[in-house]
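Quick look at target10.txt (compact mmCIF, C-alpha atoms):
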```
# COMPACT_ATOMS: atom_id res chain seq x y z
CA MET A 1252 15.24 -94.76 7.92
CA ARG A 1253 12.46 -94.84 5.33
CA HIS A 1254 15.03 -94.61 2.52
CA ALA A 1255 17.01 -97.51 4.00
CA PHE A 1256 13.89 -99.72 4.12
CA HIS A 1257 13.10 -98.79 0.53
CA ASN A 1258 16.62 -99.81 -0.59
CA VAL A 1259 16.21 -103.22 1.08
CA TYR A 1260 12.84 -103.73 -0.60
CA LYS A 1261 14.18 -102.53 -3.97
CA SER A 1262 17.17 -104.90 -3.83
CA ALA A 1263 14.92 -107.85 -3.03
CA ALA A 1264 12.50 -106.92 -5.80
CA GLU A 1265 15.25 -106.68 -8.40
CA MET A 1266 16.27 -110.27 -7.62
CA VAL A 1267 12.86 -111.62 -8.63
CA LEU A 1268 11.59 -109.10 -11.18
CA PRO A 1269 12.18 -110.03 -14.81
CA VAL A 1270 14.22 -107.80 -17.08
CA ARG A 1271 12.14 -105.62 -19.39
CA THR A 1272 12.30 -106.88 -22.97
CA SER A 1273 9.54 -104.90 -24.72
CA SER A 1274 10.08 -101.32 -25.81
CA ALA A 1275 7.93 -98.66 -24.12
CA PHE A 1276 10.11 -95.55 -24.14
CA LYS A 1277 7.44 -93.48 -25.93
CA GLU A 1278 4.46 -94.88 -24.03
CA LYS A 1279 5.98 -94.93 -20.53
CA GLY A 1280 9.40 -93.23 -20.75
CA VAL A 1281 11.22 -96.43 -19.74
CA LEU A 1282 14.05 -98.38 -21.40
CA THR A 1283 15.07 -101.99 -21.88
CA PRO A 1284 18.73 -102.83 -21.20
CA GLU A 1285 19.27 -103.14 -24.96
CA GLU A 1286 17.81 -99.65 -25.52
CA PHE A 1287 19.99 -98.27 -22.73
CA VAL A 1288 23.07 -99.65 -24.51
CA ALA A 1289 21.93 -98.25 -27.88
CA ALA A 1290 21.35 -94.82 -26.35
CA GLY A 1291 24.73 -95.05 -24.63
CA ASP A 1292 26.50 -95.92 -27.88
CA PHE A 1293 24.92 -92.88 -29.53
CA LEU A 1294 26.02 -90.63 -26.64
CA VAL A 1295 29.61 -91.90 -26.77
CA SER A 1296 29.81 -91.45 -30.55
CA THR A 1297 28.29 -87.98 -30.36
CA CYS A 1298 30.25 -86.75 -27.34
CA PRO A 1299 33.66 -88.43 -26.86
CA THR A 1300 33.96 -87.12 -23.27
CA TRP A 1301 31.64 -90.00 -22.34
CA SER A 1302 32.80 -93.61 -22.35
CA TRP A 1303 31.66 -97.06 -21.30
CA GLU A 1304 33.04 -98.71 -18.15
CA SER A 1305 32.92 -102.27 -16.88
CA GLY A 1306 33.13 -101.50 -13.14
CA GLU A 1307 33.85 -104.02 -10.40
CA PRO A 1308 33.72 -107.62 -11.66
CA SER A 1309 31.71 -108.71 -8.61
CA LYS A 1310 29.01 -106.11 -9.39
CA LYS A 1311 28.43 -106.88 -13.05
CA ARG A 1312 24.87 -107.12 -14.26
CA ALA A 1313 24.20 -110.12 -16.49
CA TYR A 1314 21.60 -108.27 -18.57
CA LEU A 1315 24.25 -105.73 -19.74
CA PRO A 1316 27.40 -106.36 -21.85
CA ALA A 1317 30.47 -106.94 -19.71
CA ASP A 1318 32.29 -103.92 -21.14
CA LYS A 1319 29.21 -101.66 -21.14
CA GLN A 1320 27.94 -101.73 -17.59
CA PHE A 1321 27.66 -97.96 -17.14
CA LEU A 1322 28.65 -94.63 -18.71
CA VAL A 1323 31.12 -92.15 -17.23
CA THR A 1324 32.61 -88.71 -17.91
CA ARG A 1325 35.46 -87.46 -15.71
CA ASN A 1326 37.00 -84.27 -14.33
CA ILE A 1327 33.99 -82.06 -14.93
CA PRO A 1328 34.66 -78.64 -13.30
CA CYS A 1329 32.31 -77.06 -10.80
CA THR A 1330 33.51 -73.50 -10.23
CA CYS A 1331 30.93 -72.43 -7.63
CA ARG A 1332 28.20 -73.72 -5.34
CA ALA A 1333 24.57 -73.71 -6.43
CA LYS A 1334 23.64 -71.08 -3.83
CA ASP A 1335 26.28 -68.73 -5.28
CA LEU A 1336 24.21 -68.39 -8.43
CA LEU A 1337 21.64 -66.46 -6.42
CA LYS A 1338 24.28 -64.20 -4.89
CA GLY A 1339 25.46 -63.24 -8.35
CA LYS A 1340 22.08 -61.78 -9.19
CA MET A 1341 21.64 -58.23 -8.00
CA GLU A 1342 18.58 -57.42 -5.95
CA GLU A 1343 15.75 -56.13 -8.07
CA GLU A 1344 13.68 -53.17 -7.01
CA LEU A 1345 10.38 -52.16 -8.57
CA VAL A 1346 10.36 -48.46 -9.37
CA GLU A 1347 7.06 -46.77 -10.16
CA GLY A 1348 6.94 -44.47 -13.16
CA LYS A 1349 6.58 -40.76 -12.57
CA GLY A 1350 5.46 -39.85 -16.08
CA GLU A 1351 2.05 -39.13 -17.41
CA ASP A 1352 0.93 -42.73 -17.13
CA ASP A 1353 0.50 -43.77 -13.52
CA GLY A 1354 0.79 -47.42 -14.51
CA ASP A 1355 4.31 -47.11 -15.89
CA ALA A 1356 6.89 -49.04 -13.89
CA TRP A 1357 10.24 -50.68 -14.42
CA VAL A 1358 12.71 -52.91 -12.61
CA ALA A 1359 15.92 -51.37 -11.30
CA THR A 1360 18.80 -53.73 -10.53
CA GLY A 1361 20.97 -53.15 -7.51
CA GLY A 1362 20.04 -51.67 -4.16
CA GLY A 1363 19.31 -48.00 -3.54
CA ASN A 1364 21.64 -45.53 -1.89
CA ALA A 1365 22.42 -46.19 1.73
CA PRO A 1366 20.75 -43.88 4.31
CA GLY A 1367 22.52 -40.52 4.40
CA GLU A 1368 24.39 -41.26 1.18
CA GLU A 1369 22.42 -38.67 -0.82
CA GLU A 1370 23.06 -36.04 1.88
CA ALA A 1371 26.78 -36.79 1.71
CA ILE A 1372 26.72 -36.30 -2.03
CA GLU A 1373 24.96 -32.96 -1.64
CA ASP A 1374 27.52 -31.78 0.93
CA MET A 1375 30.30 -32.46 -1.57
CA SER A 1376 28.90 -29.81 -4.01
CA LEU A 1377 30.20 -26.21 -3.81
CA ASN A 1378 27.85 -23.56 -2.49
CA ASP A 1379 27.24 -20.31 -4.35
CA GLU A 1380 29.45 -18.18 -2.08
CA VAL A 1381 32.51 -20.39 -2.49
CA THR A 1382 31.93 -20.61 -6.24
CA ALA A 1383 31.73 -16.83 -6.50
CA LYS A 1384 34.98 -16.39 -4.58
CA LEU A 1385 36.80 -18.88 -6.77
CA SER A 1386 35.53 -17.18 -9.92
CA LEU A 1387 36.50 -13.74 -8.62
CA GLY A 1388 39.94 -14.96 -7.64
CA ASP A 1389 40.55 -16.43 -11.07
CA SER A 1390 39.48 -13.27 -12.85
CA THR A 1391 41.71 -11.13 -10.58
CA LYS A 1392 44.69 -13.30 -11.39
CA ASP A 1393 43.98 -12.99 -15.09
CA ASP A 1394 43.77 -9.20 -14.82
CA ASP A 1395 47.13 -9.03 -13.00
CA VAL A 1396 48.80 -11.12 -15.66
CA ALA A 1397 47.35 -8.94 -18.42
CA ASN A 1398 48.49 -5.72 -16.72
CA ASP A 1399 52.03 -6.99 -16.22
CA GLY A 1400 52.24 -7.89 -19.89
CA ALA A 1401 51.07 -4.43 -20.94
CA ASN A 1402 53.57 -2.59 -18.73
CA ASN A 1403 56.53 -4.65 -19.91
CA GLY A 1404 55.68 -4.05 -23.55
CA GLY A 1405 57.88 -5.85 -26.05
CA ASP A 1406 60.77 -6.33 -23.66
CA ASP A 1407 59.48 -9.80 -22.87
CA ASP A 1408 60.58 -11.14 -26.21
CA ASP A 1409 64.20 -10.13 -25.62
CA ASP A 1410 64.16 -11.53 -22.13
CA ASP A 1411 62.71 -14.79 -23.39
CA ASP A 1412 65.44 -15.09 -25.99
CA ASP A 1413 68.12 -14.55 -23.34
CA ASP A 1414 66.53 -17.17 -21.11
CA VAL A 1415 66.59 -19.92 -23.77
CA PRO A 1416 69.76 -22.03 -23.25
CA ASP A 1417 72.00 -22.84 -26.19
CA MET A 1418 72.28 -26.58 -26.85
CA GLU A 1419 75.98 -26.11 -27.57
CA ASP A 1420 76.54 -25.17 -23.94
CA PHE A 1421 75.70 -28.75 -22.96
CA VAL A 1422 78.56 -31.25 -22.95
CA VAL A 1423 77.73 -34.93 -22.97
CA GLU A 1424 80.43 -36.95 -21.33
CA GLU A 1425 80.62 -40.54 -22.47
CA GLU A 1426 81.50 -43.17 -19.94
CA ASP A 1427 82.92 -46.54 -20.67
CA ASP A 1428 81.14 -48.19 -17.81
CA THR A 1429 77.57 -49.24 -18.44
CA VAL A 1430 75.01 -50.42 -15.99
CA THR A 1431 73.16 -53.60 -16.86
CA ILE A 1432 69.99 -54.51 -14.98
CA HIS A 1433 69.33 -58.18 -14.71
CA PRO A 1434 65.66 -58.90 -13.99
CA ARG A 1435 65.04 -61.54 -11.39
CA ALA A 1436 64.24 -64.83 -13.08
CA VAL A 1437 60.69 -66.05 -12.47
CA SER A 1438 60.03 -69.74 -12.47
CA ASN A 1439 57.83 -70.79 -15.38
CA GLU A 1440 56.38 -73.47 -13.14
CA ASN A 1441 55.22 -70.87 -10.60
CA GLN A 1442 53.74 -68.72 -13.36
CA THR A 1443 51.78 -71.65 -14.76
CA GLU A 1444 50.61 -72.69 -11.30
CA SER A 1445 49.33 -69.20 -10.48
CA LYS A 1446 47.19 -69.14 -13.64
CA ILE A 1447 45.44 -72.43 -12.85
CA LEU A 1448 41.99 -72.04 -11.31
CA LYS A 1449 41.51 -74.80 -8.75
CA THR A 1450 37.92 -75.97 -8.51
CA ARG A 1451 35.85 -78.90 -7.45
CA THR A 1452 35.56 -81.59 -10.07
CA TYR A 1453 33.17 -84.46 -10.57
CA ASP A 1454 33.20 -87.87 -12.17
CA ILE A 1455 29.66 -88.40 -13.44
CA SER A 1456 28.25 -91.82 -14.18
CA VAL A 1457 24.96 -93.02 -15.63
CA THR A 1458 23.77 -96.52 -14.76
CA TYR A 1459 20.73 -98.61 -15.71
CA ASP A 1460 18.23 -99.08 -12.89
CA LYS A 1461 16.43 -102.41 -13.32
CA TYR A 1462 13.65 -101.60 -10.82
CA TYR A 1463 12.66 -98.23 -12.35
CA GLN A 1464 13.80 -99.23 -15.88
CA THR A 1465 15.44 -95.85 -16.44
CA PRO A 1466 18.95 -94.37 -16.33
CA ARG A 1467 20.27 -93.16 -12.97
CA PHE A 1468 22.65 -90.22 -12.49
CA TRP A 1469 25.58 -90.42 -9.99
CA LEU A 1470 28.03 -87.78 -8.71
CA ILE A 1471 31.51 -88.61 -7.39
CA GLY A 1472 33.17 -85.36 -6.33
CA TYR A 1473 36.72 -84.20 -5.63
CA ASP A 1474 37.72 -81.06 -3.75
CA GLU A 1475 40.17 -78.39 -4.94
CA SER A 1476 43.10 -80.60 -3.81
CA ARG A 1477 41.76 -83.61 -5.74
CA GLN A 1478 40.76 -85.38 -2.53
CA LEU A 1479 37.58 -87.47 -2.60
CA LEU A 1480 34.62 -85.32 -1.57
CA LYS A 1481 32.16 -86.56 1.02
CA PRO A 1482 28.93 -87.48 -0.79
CA GLU A 1483 26.93 -85.17 1.48
CA LEU A 1484 28.93 -82.15 0.26
CA ALA A 1485 27.75 -82.82 -3.29
CA LEU A 1486 24.37 -81.46 -2.17
CA GLU A 1487 25.97 -78.00 -2.25
CA ASP A 1488 26.11 -78.33 -6.03
CA VAL A 1489 22.47 -79.30 -6.44
CA SER A 1490 19.69 -76.74 -6.86
CA ALA A 1491 17.93 -75.92 -3.60
CA GLU A 1492 14.57 -77.26 -4.75
CA HIS A 1493 16.07 -80.70 -5.40
CA ALA A 1494 18.72 -81.02 -2.66
CA GLU A 1495 17.68 -83.47 0.07
CA LYS A 1496 14.45 -84.16 -1.86
CA THR A 1497 15.35 -86.05 -5.02
CA VAL A 1498 19.06 -86.53 -4.25
CA THR A 1499 20.04 -89.48 -2.06
CA ILE A 1500 23.29 -91.03 -0.85
CA ASP A 1501 23.58 -94.68 -1.88
CA MET A 1502 26.15 -97.31 -2.74
CA HIS A 1503 27.17 -97.08 -6.38
CA PRO A 1504 25.90 -100.21 -8.19
CA HIS A 1505 29.20 -100.80 -10.02
CA LEU A 1506 31.86 -99.18 -7.77
CA PRO A 1507 32.92 -99.85 -4.16
CA LEU A 1508 31.87 -96.48 -2.73
CA SER A 1509 28.90 -94.37 -1.68
CA SER A 1510 27.85 -91.58 -3.97
CA ALA A 1511 25.25 -88.85 -4.33
CA SER A 1512 22.57 -89.82 -6.82
CA ILE A 1513 19.45 -88.29 -8.31
CA HIS A 1514 16.75 -90.76 -7.37
CA PRO A 1515 15.10 -92.26 -10.47
CA CYS A 1516 11.56 -92.63 -9.08
CA LYS A 1517 10.27 -89.74 -11.25
CA HIS A 1518 12.52 -90.18 -14.27
CA ALA A 1519 10.07 -92.22 -16.38
CA HIS A 1520 7.27 -89.69 -15.87
CA VAL A 1521 9.49 -86.71 -16.74
CA MET A 1522 11.02 -88.42 -19.77
CA LYS A 1523 7.57 -89.41 -21.06
CA ARG A 1524 6.48 -85.76 -20.88
CA LEU A 1525 9.65 -84.50 -22.59
CA LEU A 1526 9.36 -87.06 -25.37
CA ASP A 1527 5.71 -86.09 -25.91
CA ASN A 1528 6.70 -82.45 -26.28
CA LEU A 1529 9.35 -83.32 -28.86
CA GLU A 1530 7.01 -85.41 -30.99
CA GLY A 1531 5.45 -82.30 -32.45
CA GLY A 1532 8.70 -81.39 -34.22
CA LYS A 1533 9.80 -82.12 -37.74
CA GLU A 1534 11.50 -85.35 -36.70
CA GLU A 1535 10.36 -87.57 -33.85
CA PRO A 1536 13.07 -88.49 -31.30
CA SER A 1537 14.32 -92.04 -31.48
CA VAL A 1538 15.43 -94.22 -28.59
CA GLU A 1539 19.06 -93.37 -29.43
CA HIS A 1540 18.36 -89.76 -28.36
CA TYR A 1541 17.03 -90.82 -24.96
CA LEU A 1542 20.21 -90.18 -22.96
CA VAL A 1543 20.90 -86.86 -24.72
CA ILE A 1544 17.47 -85.63 -23.61
CA PHE A 1545 17.91 -87.20 -20.17
CA LEU A 1546 21.20 -85.38 -19.53
CA LYS A 1547 19.74 -82.05 -20.59
CA PHE A 1548 16.92 -82.58 -18.12
CA ILE A 1549 19.37 -83.47 -15.32
CA ALA A 1550 21.44 -80.34 -16.08
CA SER A 1551 18.72 -78.19 -14.51
CA ILE A 1552 19.19 -80.05 -11.22
CA VAL A 1553 22.99 -79.56 -11.10
CA PRO A 1554 23.32 -76.10 -12.71
CA THR A 1555 26.95 -75.46 -11.70
CA ILE A 1556 28.32 -78.75 -13.06
CA ASP A 1557 28.85 -78.03 -16.74
CA TYR A 1558 28.93 -81.53 -18.20
CA ASP A 1559 26.40 -81.12 -20.98
CA TYR A 1560 28.44 -80.91 -24.20
CA THR A 1561 26.00 -83.08 -26.14
CA MET A 1562 24.26 -82.07 -29.31
CA ALA A 1563 20.60 -81.19 -29.40
CA ALA A 1564 18.25 -84.04 -30.13
CA ARG A 1565 17.17 -83.93 -33.77
```

Structure translated into structure tokens:
Amino acid sequence: MRHAFHNVYKSAAEMVLPVRTSSAFKEKGVLTPEEFVAAGDFLVSTCPTWSWESGEPSKKRAYLPADKQFLVTRNIPCTCRAKDLLKGKMEEELVEGKGEDDGDAWVATGGGNAPGEEEAIEDMSLNDEVTAKLSLGDSTKDDDVANDGANNGGDDDDDDDDDVPDMEDFVVEEEDDTVTIHPRAVSNENQTESKILKTRTYDISVTYDKYYQTPRFWLIGYDESRQLLKPELALEDVSAEHAEKTVTIDMHPHLPLSSASIHPCKHAHVMKRLLDNLEGGKEEPSVEHYLVIFLKFIASIVPTIDYDYTMAAR
């Protein structure tokens, strides 16, 4: 309910608030519409998977070019849910060192043996009595073989020669008929289909938010059968610390549908801090790099959606 009231207030405020015209991306982490377009042009030229879209004609914003209303990249795979990343990590167990230094310790990955497992392993080993019997039996057999060889003397060689068959005794009969095995034909289409990994996919769009004066990130998902995903299910692909906190379900500003979105209320603050950290480098980031940095920041919120093919800001 609180979010709905905020949306009503925000929409009313955007109707009366003027459009930002002065640059303050370094001082406040915000953008003007012109800076948003410049940063978008740099992103599109750097990473061709992104492109400009015009959206619904009835939802066009006058302060943006008609053919550059928002940015989009499509068919981004999402192979697993965000919670599955934690399942892939084996449980870590702290093991204390048993050496001379009492403070020695290390981390062992994977769980310990199940109760009774070590006893089962011990039961599988041979006891001394059984081992002695097996050794005695083997030596007895070896002695019998040696004695038989000594009693027979050199007669074994003659017997062996008589036992060896002569290859001339074998007659190979040739047959005219031959058997041909025809392997069952396998459809190439089925082979190709079986090798395709079906996953969720997302169309990602970045819009300009006039109220917060920052970009806004939107997720439009499709299930494994390419059917439109309910916006609420997109929360499964958001990190647990951000799901249902910074992600909201709202109407897309340029498309006729609801979509999951990362709320932009903190974007300016975070971008200001990131830009400050980058200023200490050899080359200060320009406004054209804004969206490259923004998308790298957003990537930590949606870790299983691998959209970030952009270059590093230089």

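The space between CA of Gln1464 (chain A) and CA of Thr1499 (chain A) spans 18.0 Å.
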
I'd like to know which of A:Ile1327, A:Ile1549, A:Ala1313, A:Leu1506 is closest to His1518 (chain A), using only C-alpha atoms. A:Ile1549

So that all listed atoms of region 1476-1490 of chain A fit with 3 Å spare on each side, what axis-aligned box centre and edge lengths in Å, to one decimal, would you give as AutoDock Vina command-line options?
```
--center_x 31.4 --center_y -82.1 --center_z -2.7 --size_x 29.4 --size_y 16.7 --size_z 14.3
```

Compile a residue-level contact table for region 1466-1562 of chain A against region 1256-1262 of chain A at a cut-off of 12 Å, reporting for every qualifying residue the shortest atom pair and its distance in Å to one decimal, with all atoms listed in the file counted, rows ordered by chain and ascending number, as a tab-separated table.
```
residue	atom	partner	partner_atom	distance
A:Thr1499	CA	A:Asn1258	CA	11.0
A:Ile1500	CA	A:Asn1258	CA	11.0
A:Asp1501	CA	A:Asn1258	CA	8.7
A:Met1502	CA	A:Asn1258	CA	10.1
A:Pro1504	CA	A:Ser1262	CA	10.8
A:His1514	CA	A:Asn1258	CA	11.3
A:Cys1516	CA	A:Lys1261	CA	11.4
```

What are the closest atom pairs, with distances in Å to one decimal, for all residues of region 1438-1495 of chain A lying within 12 Å of region 1269-1290 of chain A? Consider only C-alpha atoms, order rows by chain and residue number, and present the result as JSON lines.
```
{"residue": "A:Val1457", "atom": "CA", "partner": "A:Phe1287", "partner_atom": "CA", "distance": 10.1}
{"residue": "A:Thr1458", "atom": "CA", "partner": "A:Phe1287", "partner_atom": "CA", "distance": 9.0}
{"residue": "A:Tyr1459", "atom": "CA", "partner": "A:Phe1287", "partner_atom": "CA", "distance": 7.1}
{"residue": "A:Asp1460", "atom": "CA", "partner": "A:Pro1284", "partner_atom": "CA", "distance": 9.1}
{"residue": "A:Lys1461", "atom": "CA", "partner": "A:Val1270", "partner_atom": "CA", "distance": 6.9}
{"residue": "A:Tyr1462", "atom": "CA", "partner": "A:Val1270", "partner_atom": "CA", "distance": 8.8}
{"residue": "A:Tyr1463", "atom": "CA", "partner": "A:Val1281", "partner_atom": "CA", "distance": 7.7}
{"residue": "A:Gln1464", "atom": "CA", "partner": "A:Val1281", "partner_atom": "CA", "distance": 5.4}
{"residue": "A:Thr1465", "atom": "CA", "partner": "A:Val1281", "partner_atom": "CA", "distance": 5.4}
{"residue": "A:Pro1466", "atom": "CA", "partner": "A:Phe1287", "partner_atom": "CA", "distance": 7.6}
{"residue": "A:Arg1467", "atom": "CA", "partner": "A:Phe1287", "partner_atom": "CA", "distance": 11.0}
```

In Å and to one decimal, CA of Trp1301 (chain A) is distant from CA of Ser1512 (chain A) by 18.0 Å

Quick one: of A:Lys1334, A:Arg1325, A:Lys1449, A:Gly1291, who's nearest to Leu1546 (chain A), counting only C-alpha atoms? A:Gly1291

From the list A:Glu1530, A:Glu1487, A:Asp1454, A:Asp1474, which residue is nearest Thr1300 (chain A) when using all atoms listed in the file? A:Asp1454

If you measure from CA of Ser1551 (chain A) to CA of Thr1450 (chain A), what distance in Å do you get, rounded to one decimal?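 So the answer is 20.2 Å.
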
Restricting the calculation to only C-alpha atoms: of A:Pro1536, A:Gly1531, A:Gly1472, A:Pro1316, which residue gets closest to Ser1510 (chain A)?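 For Ser1510 (chain A), the nearest of the given residues is A:Gly1472.
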
Using all atoms listed in the file, which of the listed residues (A:Val1323, A:Cys1329, A:Met1522, A:Val1543) sits closest to Tyr1473 (chain A)?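 Checking each candidate against Tyr1473 (chain A), we get A:Cys1329 as the closest.
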
For Glu1307 (chain A), find every residue with an atom within 12 Å (counting only C-alpha atoms), except residues of its own chain fewer than 3 positions away, and show them as a ChimeraX atom specification. /A:1304,1310-1312,1317-1321,1503-1508

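Among the candidates A:Ser1296, A:Thr1452, A:Ser1302, A:Thr1555, the one nearest to Thr1324 (chain A) when counting all atoms listed in the file is A:Ser1302.
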
Emit region 1286-1312 of chain A of the structure in the block as a file comprising N, CA and C atoms, as a PDB file, in the first residue's frame.
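Saved the output as part-v2.pdb:
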```pdb
ATOM      1  N   GLU A1286      22.703  13.783 -20.825  1.00  0.00           N
ATOM      2  CA  GLU A1286      23.802  12.932 -20.368  1.00  0.00           C
ATOM      3  C   GLU A1286      23.409  11.461 -20.421  1.00  0.00           C
ATOM      4  N   PHE A1287      22.152  11.173 -20.123  1.00  0.00           N
ATOM      5  CA  PHE A1287      21.656   9.795 -20.230  1.00  0.00           C
ATOM      6  C   PHE A1287      21.788   9.291 -21.666  1.00  0.00           C
ATOM      7  N   VAL A1288      21.426  10.138 -22.636  1.00  0.00           N
ATOM      8  CA  VAL A1288      21.532   9.759 -24.044  1.00  0.00           C
ATOM      9  C   VAL A1288      22.998   9.583 -24.448  1.00  0.00           C
ATOM     10  N   ALA A1289      23.871  10.462 -23.989  1.00  0.00           N
ATOM     11  CA  ALA A1289      25.301  10.346 -24.316  1.00  0.00           C
ATOM     12  C   ALA A1289      25.890   9.060 -23.740  1.00  0.00           C
ATOM     13  N   ALA A1290      25.524   8.743 -22.503  1.00  0.00           N
ATOM     14  CA  ALA A1290      26.004   7.503 -21.891  1.00  0.00           C
ATOM     15  C   ALA A1290      25.423   6.287 -22.600  1.00  0.00           C
ATOM     16  N   GLY A1291      24.170   6.403 -23.059  1.00  0.00           N
ATOM     17  CA  GLY A1291      23.558   5.305 -23.799  1.00  0.00           C
ATOM     18  C   GLY A1291      24.206   5.088 -25.149  1.00  0.00           C
ATOM     19  N   ASP A1292      24.552   6.165 -25.838  1.00  0.00           N
ATOM     20  CA  ASP A1292      25.241   6.048 -27.125  1.00  0.00           C
ATOM     21  C   ASP A1292      26.601   5.368 -26.954  1.00  0.00           C
ATOM     22  N   PHE A1293      27.298   5.696 -25.869  1.00  0.00           N
ATOM     23  CA  PHE A1293      28.597   5.056 -25.616  1.00  0.00           C
ATOM     24  C   PHE A1293      28.416   3.571 -25.341  1.00  0.00           C
ATOM     25  N   LEU A1294      27.389   3.209 -24.571  1.00  0.00           N
ATOM     26  CA  LEU A1294      27.122   1.802 -24.267  1.00  0.00           C
ATOM     27  C   LEU A1294      26.799   1.014 -25.531  1.00  0.00           C
ATOM     28  N   VAL A1295      25.963   1.563 -26.387  1.00  0.00           N
ATOM     29  CA  VAL A1295      25.576   0.883 -27.626  1.00  0.00           C
ATOM     30  C   VAL A1295      26.775   0.708 -28.549  1.00  0.00           C
ATOM     31  N   SER A1296      27.632   1.714 -28.636  1.00  0.00           N
ATOM     32  CA  SER A1296      28.808   1.611 -29.504  1.00  0.00           C
ATOM     33  C   SER A1296      29.845   0.652 -28.940  1.00  0.00           C
ATOM     34  N   THR A1297      29.905   0.562 -27.624  1.00  0.00           N
ATOM     35  CA  THR A1297      30.874  -0.327 -26.981  1.00  0.00           C
ATOM     36  C   THR A1297      30.396  -1.761 -26.959  1.00  0.00           C
ATOM     37  N   CYS A1298      29.111  -1.955 -26.701  1.00  0.00           N
ATOM     38  CA  CYS A1298      28.533  -3.301 -26.602  1.00  0.00           C
ATOM     39  C   CYS A1298      27.300  -3.386 -27.494  1.00  0.00           C
ATOM     40  N   PRO A1299      27.437  -3.958 -28.688  1.00  0.00           N
ATOM     41  CA  PRO A1299      26.328  -3.988 -29.662  1.00  0.00           C
ATOM     42  C   PRO A1299      25.115  -4.806 -29.231  1.00  0.00           C
ATOM     43  N   THR A1300      25.211  -5.573 -28.125  1.00  0.00           N
ATOM     44  CA  THR A1300      24.028  -6.303 -27.655  1.00  0.00           C
ATOM     45  C   THR A1300      22.968  -5.344 -27.115  1.00  0.00           C
ATOM     46  N   TRP A1301      23.360  -4.116 -26.816  1.00  0.00           N
ATOM     47  CA  TRP A1301      22.422  -3.093 -26.366  1.00  0.00           C
ATOM     48  C   TRP A1301      21.981  -2.233 -27.546  1.00  0.00           C
ATOM     49  N   SER A1302      20.753  -1.766 -27.486  1.00  0.00           N
ATOM     50  CA  SER A1302      20.231  -0.907 -28.559  1.00  0.00           C
ATOM     51  C   SER A1302      19.181   0.045 -27.986  1.00  0.00           C
ATOM     52  N   TRP A1303      18.930   1.111 -28.736  1.00  0.00           N
ATOM     53  CA  TRP A1303      17.908   2.075 -28.349  1.00  0.00           C
ATOM     54  C   TRP A1303      16.540   1.615 -28.832  1.00  0.00           C
ATOM     55  N   GLU A1304      15.498   1.929 -28.073  1.00  0.00           N
ATOM     56  CA  GLU A1304      14.125   1.618 -28.458  1.00  0.00           C
ATOM     57  C   GLU A1304      13.259   2.864 -28.280  1.00  0.00           C
ATOM     58  N   SER A1305      12.185   2.901 -29.077  1.00  0.00           N
ATOM     59  CA  SER A1305      11.278   4.051 -28.991  1.00  0.00           C
ATOM     60  C   SER A1305      10.095   3.786 -28.070  1.00  0.00           C
ATOM     61  N   GLY A1306       9.707   2.507 -27.906  1.00  0.00           N
ATOM     62  CA  GLY A1306       8.595   2.165 -27.022  1.00  0.00           C
ATOM     63  C   GLY A1306       7.235   2.544 -27.586  1.00  0.00           C
ATOM     64  N   GLU A1307       6.239   2.525 -26.718  1.00  0.00           N
ATOM     65  CA  GLU A1307       4.875   2.873 -27.119  1.00  0.00           C
ATOM     66  C   GLU A1307       4.778   4.369 -27.427  1.00  0.00           C
ATOM     67  N   PRO A1308       4.179   4.711 -28.558  1.00  0.00           N
ATOM     68  CA  PRO A1308       4.064   6.144 -28.915  1.00  0.00           C
ATOM     69  C   PRO A1308       3.349   6.971 -27.858  1.00  0.00           C
ATOM     70  N   SER A1309       2.351   6.379 -27.194  1.00  0.00           N
ATOM     71  CA  SER A1309       1.587   7.125 -26.187  1.00  0.00           C
ATOM     72  C   SER A1309       2.381   7.368 -24.910  1.00  0.00           C
ATOM     73  N   LYS A1310       3.523   6.677 -24.753  1.00  0.00           N
ATOM     74  CA  LYS A1310       4.310   6.812 -23.521  1.00  0.00           C
ATOM     75  C   LYS A1310       5.640   7.527 -23.746  1.00  0.00           C
ATOM     76  N   LYS A1311       5.772   8.180 -24.857  1.00  0.00           N
ATOM     77  CA  LYS A1311       7.027   8.871 -25.144  1.00  0.00           C
ATOM     78  C   LYS A1311       7.240  10.050 -24.206  1.00  0.00           C
ATOM     79  N   ARG A1312       8.499  10.239 -23.831  1.00  0.00           N
ATOM     80  CA  ARG A1312       8.865  11.375 -23.002  1.00  0.00           C
ATOM     81  C   ARG A1312       9.441  12.474 -23.893  1.00  0.00           C
TER      82      ARG A1312
END
```
